[in-house]
>>> print(open('run.cif').read())   # mmCIF, C-alpha atoms
data_protein
loop_
_atom_site.label_atom_id
_atom_site.label_comp_id
_atom_site.auth_asym_id
_atom_site.auth_seq_id
_atom_site.Cartn_x
_atom_site.Cartn_y
_atom_site.Cartn_z
CA MET A 108 18.41 28.40 -87.84
CA ALA A 109 20.46 25.29 -87.08
CA ASN A 110 23.62 24.64 -85.10
CA ILE A 111 26.35 23.17 -87.28
CA MET A 112 29.58 21.61 -86.07
CA MET A 113 32.35 21.97 -88.64
CA ASP A 114 35.71 20.22 -88.70
CA ILE A 115 38.39 20.03 -91.37
CA GLU A 116 41.55 18.11 -92.15
CA THR A 117 44.35 19.94 -93.93
CA LEU A 118 47.95 19.81 -95.13
CA GLY A 119 48.94 22.91 -93.20
CA THR A 120 47.95 25.36 -90.48
CA ASN A 121 47.99 28.64 -92.43
CA PHE A 122 44.69 30.25 -93.47
CA ASN A 123 45.40 29.23 -97.10
CA ALA A 124 46.37 25.62 -96.37
CA VAL A 125 45.30 22.84 -98.72
CA VAL A 126 42.10 21.30 -97.35
CA LEU A 127 41.67 17.54 -97.62
CA GLN A 128 38.31 17.07 -95.96
CA ILE A 129 35.41 19.13 -94.59
CA THR A 130 32.54 17.80 -92.48
CA MET A 131 29.48 19.72 -91.32
CA VAL A 132 27.00 18.15 -88.90
CA LYS A 133 23.68 19.73 -87.88
CA PHE A 134 22.88 19.03 -84.24
CA ASN A 135 20.69 19.93 -81.28
CA TRP A 136 21.83 20.59 -77.73
CA ASP A 137 20.47 17.20 -76.63
CA LYS A 138 23.21 15.71 -78.88
CA SER A 139 20.76 14.55 -81.54
CA ILE A 140 22.01 14.88 -85.12
CA THR A 141 19.71 16.08 -87.89
CA GLY A 142 22.00 16.10 -90.91
CA ARG A 143 25.57 15.79 -92.06
CA ILE A 144 27.84 16.18 -95.05
CA THR A 145 31.46 15.23 -95.67
CA VAL A 146 33.46 16.15 -98.76
CA ASN A 147 37.01 15.22 -99.73
CA ILE A 148 38.57 17.85 -101.98
CA SER A 149 41.14 17.32 -104.72
CA ILE A 150 44.54 18.89 -104.09
CA GLU A 151 45.78 19.90 -107.55
CA GLU A 152 43.21 22.64 -108.18
CA GLN A 153 43.93 24.11 -104.73
CA LEU A 154 47.65 24.30 -105.48
CA ILE A 155 46.90 26.11 -108.74
CA LYS A 156 45.02 28.70 -106.67
CA GLY A 157 48.12 29.20 -104.54
CA ARG A 158 47.09 27.22 -101.49
CA THR A 159 49.97 25.77 -99.51
CA ILE A 160 51.27 22.51 -98.06
CA ASP A 161 53.28 22.59 -94.85
CA GLU A 162 56.07 20.03 -94.46
CA SER A 163 55.59 19.72 -90.71
CA THR A 164 51.91 18.89 -91.21
CA VAL A 165 52.76 16.27 -93.83
CA ASN A 166 55.21 14.72 -91.36
CA TRP A 167 52.53 14.84 -88.66
CA TRP A 168 50.16 12.91 -90.93
CA LYS A 169 52.83 10.22 -91.36
CA GLU A 170 52.56 9.57 -87.62
CA GLN A 171 48.77 9.14 -87.72
CA ARG A 172 46.77 6.04 -88.60
CA SER A 173 47.12 5.29 -92.30
CA ASP A 174 43.45 4.28 -92.64
CA VAL A 175 42.37 7.67 -91.27
CA PHE A 176 44.54 9.53 -93.78
CA GLU A 177 43.20 7.32 -96.57
CA SER A 178 39.65 8.22 -95.54
CA CYS A 179 40.53 11.89 -96.03
CA ILE A 180 41.87 11.54 -99.57
CA LYS A 181 39.62 8.92 -101.19
CA GLU A 182 36.86 9.88 -103.61
CA GLN A 183 38.10 13.44 -103.94
CA LYS A 184 35.85 15.98 -105.59
CA ASP A 185 36.58 19.04 -107.65
CA PRO A 186 36.69 22.03 -105.26
CA LEU A 187 33.83 23.84 -107.00
CA GLU A 188 31.61 20.77 -106.78
CA ALA A 189 32.51 20.15 -103.13
CA LEU A 190 32.06 23.75 -102.04
CA ASN A 191 28.72 24.09 -103.77
CA GLU A 192 27.51 20.94 -101.98
CA LEU A 193 28.50 22.53 -98.68
CA LYS A 194 26.81 25.78 -99.65
CA ARG A 195 23.54 23.95 -100.31
CA PHE A 196 23.81 22.25 -96.91
CA VAL A 197 24.17 25.49 -94.94
CA ASN A 198 21.47 28.11 -94.46
CA TYR A 199 22.83 31.63 -94.24
CA ASP A 200 21.39 32.08 -90.72
CA ASP A 201 22.84 28.83 -89.36
CA VAL A 202 25.29 29.03 -86.45
CA VAL A 203 28.61 27.39 -87.32
CA TRP A 204 30.70 25.98 -84.47
CA SER A 205 34.38 25.14 -84.89
CA HIS A 206 37.82 25.98 -83.59
CA ALA A 207 37.25 29.48 -84.82
CA THR A 208 40.90 30.43 -85.27
CA PHE A 209 41.52 27.41 -87.51
CA ASP A 210 38.60 25.72 -89.27
CA ALA A 211 36.40 28.74 -90.01
CA PRO A 212 39.01 31.08 -91.55
CA ILE A 213 40.57 28.30 -93.62
CA VAL A 214 37.21 27.22 -95.04
CA ALA A 215 36.22 30.84 -95.65
CA SER A 216 39.43 31.46 -97.60
CA LEU A 217 38.79 28.31 -99.65
CA PHE A 218 35.35 29.58 -100.63
CA ASN A 219 36.86 32.95 -101.54
CA ASP A 220 39.62 31.36 -103.64
CA PHE A 221 37.01 29.63 -105.80
CA GLY A 222 34.74 32.65 -106.09
CA ILE A 223 31.91 31.38 -103.88
CA ARG A 224 30.40 33.47 -101.11
CA VAL A 225 30.94 32.04 -97.62
CA PRO A 226 27.57 30.38 -96.87
CA TRP A 227 27.15 31.63 -93.29
CA LYS A 228 27.00 35.09 -91.71
CA TYR A 229 30.36 36.17 -90.31
CA THR A 230 28.55 37.03 -87.05
CA ASN A 231 27.30 33.43 -86.77
CA ALA A 232 30.72 31.81 -86.38
CA ARG A 233 31.14 30.39 -82.88
CA ASP A 234 34.27 29.19 -81.08
CA ILE A 235 34.45 25.83 -79.32
CA ARG A 236 37.34 26.80 -77.05
CA THR A 237 35.51 29.83 -75.65
CA LEU A 238 32.46 27.68 -74.90
CA ILE A 239 34.60 25.13 -73.05
CA ASP A 240 36.43 27.81 -71.05
CA MET A 241 33.15 29.40 -69.98
CA SER A 242 31.63 26.09 -68.90
CA GLU A 243 34.76 24.88 -67.08
CA ILE A 244 34.04 21.26 -68.02
CA ASN A 245 37.08 18.99 -67.88
CA LEU A 246 37.99 17.69 -71.33
CA ASN A 247 40.15 15.02 -69.70
CA ASP A 248 36.88 13.30 -68.74
CA TYR A 249 36.28 12.44 -72.41
CA ASN A 250 37.62 9.57 -74.49
CA TRP A 251 40.10 11.23 -76.83
CA GLU A 252 40.51 8.06 -78.83
CA LYS A 253 37.26 9.12 -80.51
CA LYS A 254 39.14 12.05 -82.05
CA THR A 255 40.65 10.18 -84.98
CA HIS A 256 41.42 13.17 -87.27
CA ASN A 257 38.75 12.05 -89.66
CA SER A 258 36.59 15.18 -89.72
CA ASN A 259 33.33 13.25 -89.38
CA ASP A 260 34.55 11.45 -86.24
CA ASP A 261 35.93 14.68 -84.84
CA CYS A 262 32.63 16.51 -85.38
CA GLU A 263 30.75 13.88 -83.41
CA PHE A 264 33.34 14.01 -80.62
CA GLN A 265 33.14 17.81 -80.47
CA ILE A 266 29.34 17.76 -80.42
CA ASP A 267 29.46 15.45 -77.40
CA TYR A 268 31.52 17.70 -75.17
CA CYS A 269 30.19 20.99 -76.54
CA CYS A 270 26.62 19.96 -75.73
CA ASP A 271 27.74 19.10 -72.21
CA ALA A 272 29.43 22.50 -71.94
CA TYR A 273 26.40 24.40 -73.25
CA ASN A 274 23.99 22.54 -70.98
CA SER A 275 26.29 23.08 -68.01
CA ILE A 276 26.17 26.84 -68.58
CA LYS A 277 22.41 26.75 -69.13
CA THR A 278 21.84 24.77 -65.93
CA TRP A 279 24.11 27.07 -63.95
CA LYS A 280 22.30 30.16 -65.29
CA SER A 281 18.90 28.74 -64.41
CA SER A 282 20.11 27.75 -60.96
CA PHE A 283 21.67 31.16 -60.43
CA ILE A 284 18.45 33.02 -61.26
CA LYS A 285 16.38 30.74 -59.06
CA CYS A 286 18.67 30.79 -56.07
CA THR A 287 19.51 34.49 -56.03
CA ASN A 288 15.78 35.15 -55.78
CA ASN A 289 15.31 32.83 -52.81
CA ILE A 290 18.41 33.11 -50.64
CA SER A 291 19.89 35.80 -48.40
CA ARG A 292 23.46 37.06 -48.30
CA GLU A 293 23.96 35.53 -44.86
CA GLN A 294 22.73 32.14 -46.09
CA ILE A 295 25.23 32.23 -48.95
CA ILE A 296 28.10 33.03 -46.59
CA GLU A 297 27.08 30.19 -44.29
CA LYS A 298 26.83 27.78 -47.23
CA ILE A 299 30.33 28.70 -48.41
CA ARG A 300 31.66 28.16 -44.88
CA THR A 301 29.99 24.73 -44.70
CA LEU A 302 31.31 23.69 -48.09
CA ARG A 303 34.86 24.71 -47.20
CA ASN A 304 34.63 22.69 -44.00
CA ASP A 305 33.36 19.68 -45.97
CA TYR A 306 36.31 20.08 -48.35
CA ILE A 307 38.77 19.98 -45.43
CA ILE A 308 37.08 16.94 -43.88
CA SER A 309 37.19 15.08 -47.21
CA GLY A 310 40.83 16.05 -47.64
CA ASN A 311 41.75 14.73 -44.20
CA GLU A 312 40.10 11.40 -44.95
CA LYS A 313 41.90 11.25 -48.32
CA ASN A 314 45.25 11.85 -46.58
CA LYS A 315 44.62 9.02 -44.11
CA ILE A 316 43.90 6.62 -46.98
CA PHE A 317 46.93 7.88 -48.93
CA MET A 318 49.24 7.18 -45.98
CA GLN A 319 48.11 3.55 -45.75
CA TYR A 320 50.85 1.21 -46.97
CA ASN A 321 48.59 -1.62 -48.16
CA GLN A 322 45.50 -0.07 -49.69
CA THR A 323 42.52 -2.33 -50.34
CA LYS A 324 40.27 -1.92 -53.37
CA GLU A 325 37.61 -0.44 -51.08
CA MET A 326 40.09 2.14 -49.83
CA LYS A 327 41.11 3.10 -53.36
CA ASP A 328 37.47 3.41 -54.41
CA ARG A 329 36.78 5.59 -51.38
CA PHE A 330 39.80 7.77 -52.21
CA ASN A 331 38.49 8.33 -55.75
CA GLU A 332 35.01 9.04 -54.39
CA LEU A 333 36.41 11.67 -52.03
CA HIS A 334 38.46 13.21 -54.84
CA MET A 335 35.35 13.58 -57.00
CA LYS A 336 33.45 14.99 -54.02
CA GLN A 337 36.12 17.63 -53.53
CA ASN A 338 35.89 18.63 -57.21
CA ASP A 339 32.12 19.02 -56.82
CA ILE A 340 32.61 21.10 -53.69
CA ILE A 341 35.04 23.41 -55.51
CA ASN A 342 32.52 23.94 -58.30
CA GLU A 343 29.73 24.59 -55.82
CA ILE A 344 31.84 27.06 -53.84
CA SER A 345 32.59 28.91 -57.07
CA ILE A 346 28.87 29.24 -57.79
CA TYR A 347 28.05 30.55 -54.31
CA GLU A 348 30.97 33.00 -54.43
CA THR A 349 29.58 34.33 -57.70
CA TRP A 350 26.17 34.77 -56.07
CA LEU A 351 27.80 36.54 -53.14
CA LYS A 352 29.55 38.94 -55.50
CA GLN A 353 26.19 39.56 -57.18
CA PHE A 354 24.71 40.60 -53.83
CA GLU A 355 27.67 42.83 -53.00
CA ASP A 356 27.50 44.50 -56.41
CA LYS A 357 23.82 45.27 -55.82
CA ILE A 358 24.61 46.73 -52.39
CA SER A 359 27.44 48.88 -53.75
#
>>> encode(input="run.cif", output="structure tokens")
Amino acid sequence: MANIMMDIETLGTNFNAVVLQITMVKFNWDKSITGRITVNISIEEQLIKGRTIDESTVNWWKEQRSDVFESCIKEQKDPLEALNELKRFVNYDDVVWSHATFDAPIVASLFNDFGIRVPWKYTNARDIRTLIDMSEINLNDYNWEKKTHNSNDDCEFQIDYCCDAYNSIKTWKSSFIKCTNNISREQIIEKIRTLRNDYIISGNEKNKIFMQYNQTKEMKDRFNELHMKQNDIINEISIYETWLKQFEDKIS
């Protein structure tokens, strides 16, 4: 069973939109890539099947880089040929990651339109957005210029932050199990109190720097350092508060 990141480029947002390009990339949670496939699909046969083109999406493409759009429509393949190539790439037990309200249903409907069974179990579709929300990683920390709207580029970009999200959850879970077995309720409460005090101290120092009229580079660097420290403190407080709730649930 492999993890597969899937991304598509389309001419619409409906479930039956014309699909220009589909990429699937097999990956591991250490961000290593073990296989990939990209297919560009001809439009005419899709229109015959009743698939649709949305004017607003066409206009959106006009605002994107022309070379990216060209990469999505060159060397187009007959839909049956393209879909069968994808089917051979996927094992039925593979886990398919995507924006599950967009990519997965559109690709599934494309397979259905051309009489080919969807090549993954419906229970093995996974949603990127849910993973990100659960991990609470900050997507603003990533270079969004890497998301070009070429599906191959976008798959690699999504693998990068999804692996970080998954590993963040895994690390937190491991830490949670370890710490809840080796720490008392009173120690957790004291740790939360200490962290909140550290947050206030860092905030006071930040305010002093902010009020300075002529800030040196060292002062600006220190301000950013304190800001990052406060973010770390917030995350750590959240973890300890979860542990505290775990203790209280056991008591109740």
>>> resolve_selection(input="run.cif", expression="the PyMOL selection byres ((chain A and resi 154) around 12)", output="MDAnalysis selection string")
chainID A and resid 118 123:127 148:153 155:160 186 217 220:221
>>> resolve_selection(input="run.cif", expression="the PyMOL selection byres ((chain A and resi 199) around 7)", output="MDAnalysis selection string")
chainID A and resid 197:198 200:201 226:228
>>> resolve_selection(input="run.cif", expression="the PyMOL selection byres ((chain A and resi 131) around 6)", output="list of chain:residue names")
A:Met112, A:Met113, A:Thr130, A:Val132, A:Arg143, A:Ile144
>>> residues_near_point(input="run.cif", point="(36.8, 34.5, -100.4)", cutoff="12 Å", atoms="only C-alpha atoms", output="list in words")
Phe122, Asn123, Lys156, Leu190, Ala211, Pro212, Ile213, Val214, Ala215, Ser216, Leu217, Phe218, Asn219, Asp220, Phe221, Gly222, Ile223, Arg224, Val225 and Pro226 of chain A
>>> closest_residue(input="run.cif", among="A:Gln337, A:Asn274, A:His256, A:Val203", to="A:Glu170", atoms="all atoms listed in the file")
A:His256
>>> residues_around(input="run.cif", residues="A:Ile296", least_positions_apart="3", cutoff="9 Å", atoms="all atoms listed in the file", output="list in words")
Ser291, Arg292, Glu293, Ile299, Arg300, Thr301, Tyr347, Glu348 and Leu351 of chain A
>>> axis_aligned_box(input="run.cif", around="stretch 254-263 of chain A", padding_each_side="6 Å", output="JSON")
{"center_x": 36.1, "center_y": 13.3, "center_z": -85.9, "size_x": 22.7, "size_y": 18.3, "size_z": 19.7}
>>> atom_distance(input="run.cif", atom1="atom CA of A:Glu263", atom2="atom CA of A:Met241")
20.7 Å
>>> build_atoms(input="run.cif", residues="stretch 168-179 of chain A", atoms="all heavy atoms", output="tab-separated table (two decimals), in the coordinates of the input")
chain	number	residue	atom	x	y	z
A	168	TRP	N	51.07	13.91	-90.38
A	168	TRP	CA	50.16	12.91	-90.93
A	168	TRP	C	50.83	11.54	-91.01
A	168	TRP	O	50.17	10.50	-90.85
A	168	TRP	CB	49.66	13.33	-92.31
A	168	TRP	CG	48.43	14.18	-92.28
A	168	TRP	CD1	48.31	15.49	-92.65
A	168	TRP	CD2	47.12	13.77	-91.86
A	168	TRP	NE1	47.03	15.92	-92.48
A	168	TRP	CE2	46.26	14.89	-92.00
A	168	TRP	CE3	46.58	12.58	-91.39
A	168	TRP	CZ2	44.91	14.85	-91.69
A	168	TRP	CZ3	45.23	12.54	-91.06
A	168	TRP	CH2	44.41	13.65	-91.22
A	169	LYS	N	52.12	11.50	-91.26
A	169	LYS	CA	52.83	10.22	-91.36
A	169	LYS	C	52.82	9.46	-90.04
A	169	LYS	O	53.01	8.24	-90.01
A	169	LYS	CB	54.27	10.46	-91.82
A	169	LYS	CG	54.39	10.95	-93.26
A	169	LYS	CD	55.84	11.24	-93.63
A	169	LYS	CE	55.94	11.76	-95.06
A	169	LYS	NZ	57.34	12.09	-95.43
A	170	GLU	N	52.60	10.19	-88.95
A	170	GLU	CA	52.56	9.57	-87.62
A	170	GLU	C	51.15	9.14	-87.22
A	170	GLU	O	50.97	8.51	-86.17
A	170	GLU	CB	53.11	10.55	-86.58
A	170	GLU	CG	54.55	10.96	-86.83
A	170	GLU	CD	55.00	12.06	-85.89
A	170	GLU	OE1	54.15	12.54	-85.09
A	170	GLU	OE2	56.18	12.43	-85.95
A	171	GLN	N	50.16	9.49	-88.03
A	171	GLN	CA	48.77	9.14	-87.72
A	171	GLN	C	48.40	7.81	-88.37
A	171	GLN	O	49.15	7.26	-89.17
A	171	GLN	CB	47.82	10.25	-88.20
A	171	GLN	CG	48.19	11.64	-87.73
A	171	GLN	CD	48.42	11.72	-86.23
A	171	GLN	OE1	47.58	11.30	-85.45
A	171	GLN	NE2	49.56	12.29	-85.84
A	172	ARG	N	47.23	7.31	-88.03
A	172	ARG	CA	46.77	6.04	-88.60
A	172	ARG	C	46.61	6.18	-90.12
A	172	ARG	O	45.99	7.13	-90.61
A	172	ARG	CB	45.43	5.65	-87.98
A	172	ARG	CG	45.53	5.10	-86.58
A	172	ARG	CD	44.17	4.97	-85.92
A	172	ARG	NE	43.12	4.56	-86.83
A	172	ARG	CZ	41.82	4.60	-86.51
A	172	ARG	NH1	41.45	5.07	-85.33
A	172	ARG	NH2	40.91	4.21	-87.38
A	173	SER	N	47.15	5.22	-90.84
A	173	SER	CA	47.12	5.29	-92.30
A	173	SER	C	45.69	5.20	-92.84
A	173	SER	O	45.35	5.84	-93.84
A	173	SER	CB	47.97	4.17	-92.91
A	173	SER	OG	47.51	2.89	-92.49
A	174	ASP	N	44.83	4.42	-92.16
A	174	ASP	CA	43.45	4.28	-92.64
A	174	ASP	C	42.68	5.59	-92.48
A	174	ASP	O	41.79	5.90	-93.29
A	174	ASP	CB	42.73	3.15	-91.91
A	174	ASP	CG	42.61	3.40	-90.42
A	174	ASP	OD1	43.63	3.76	-89.80
A	174	ASP	OD2	41.50	3.24	-89.87
A	175	VAL	N	43.02	6.37	-91.46
A	175	VAL	CA	42.37	7.67	-91.27
A	175	VAL	C	42.78	8.62	-92.39
A	175	VAL	O	41.94	9.31	-92.98
A	175	VAL	CB	42.73	8.27	-89.89
A	175	VAL	CG1	42.21	9.71	-89.79
A	175	VAL	CG2	42.13	7.42	-88.78
A	176	PHE	N	44.08	8.66	-92.70
A	176	PHE	CA	44.54	9.53	-93.78
A	176	PHE	C	43.92	9.11	-95.11
A	176	PHE	O	43.48	9.95	-95.90
A	176	PHE	CB	46.06	9.49	-93.89
A	176	PHE	CG	46.60	10.42	-94.95
A	176	PHE	CD1	46.58	11.80	-94.76
A	176	PHE	CD2	47.11	9.92	-96.15
A	176	PHE	CE1	47.06	12.66	-95.73
A	176	PHE	CE2	47.58	10.77	-97.12
A	176	PHE	CZ	47.56	12.15	-96.91
A	177	GLU	N	43.83	7.81	-95.34
A	177	GLU	CA	43.20	7.32	-96.57
A	177	GLU	C	41.75	7.75	-96.67
A	177	GLU	O	41.26	8.09	-97.75
A	177	GLU	CB	43.29	5.78	-96.64
A	177	GLU	CG	44.68	5.23	-96.90
A	177	GLU	CD	45.21	5.61	-98.27
A	177	GLU	OE1	44.39	5.71	-99.21
A	177	GLU	OE2	46.43	5.83	-98.39
A	178	SER	N	41.06	7.80	-95.52
A	178	SER	CA	39.65	8.22	-95.54
A	178	SER	C	39.50	9.69	-95.90
A	178	SER	O	38.42	10.12	-96.33
A	178	SER	CB	39.01	7.95	-94.17
A	178	SER	OG	39.46	8.88	-93.19
A	179	CYS	N	40.57	10.45	-95.73
A	179	CYS	CA	40.53	11.89	-96.03
A	179	CYS	C	40.87	12.21	-97.48
A	179	CYS	O	40.63	13.33	-97.93
A	179	CYS	CB	41.49	12.65	-95.11
A	179	CYS	SG	41.06	12.59	-93.36
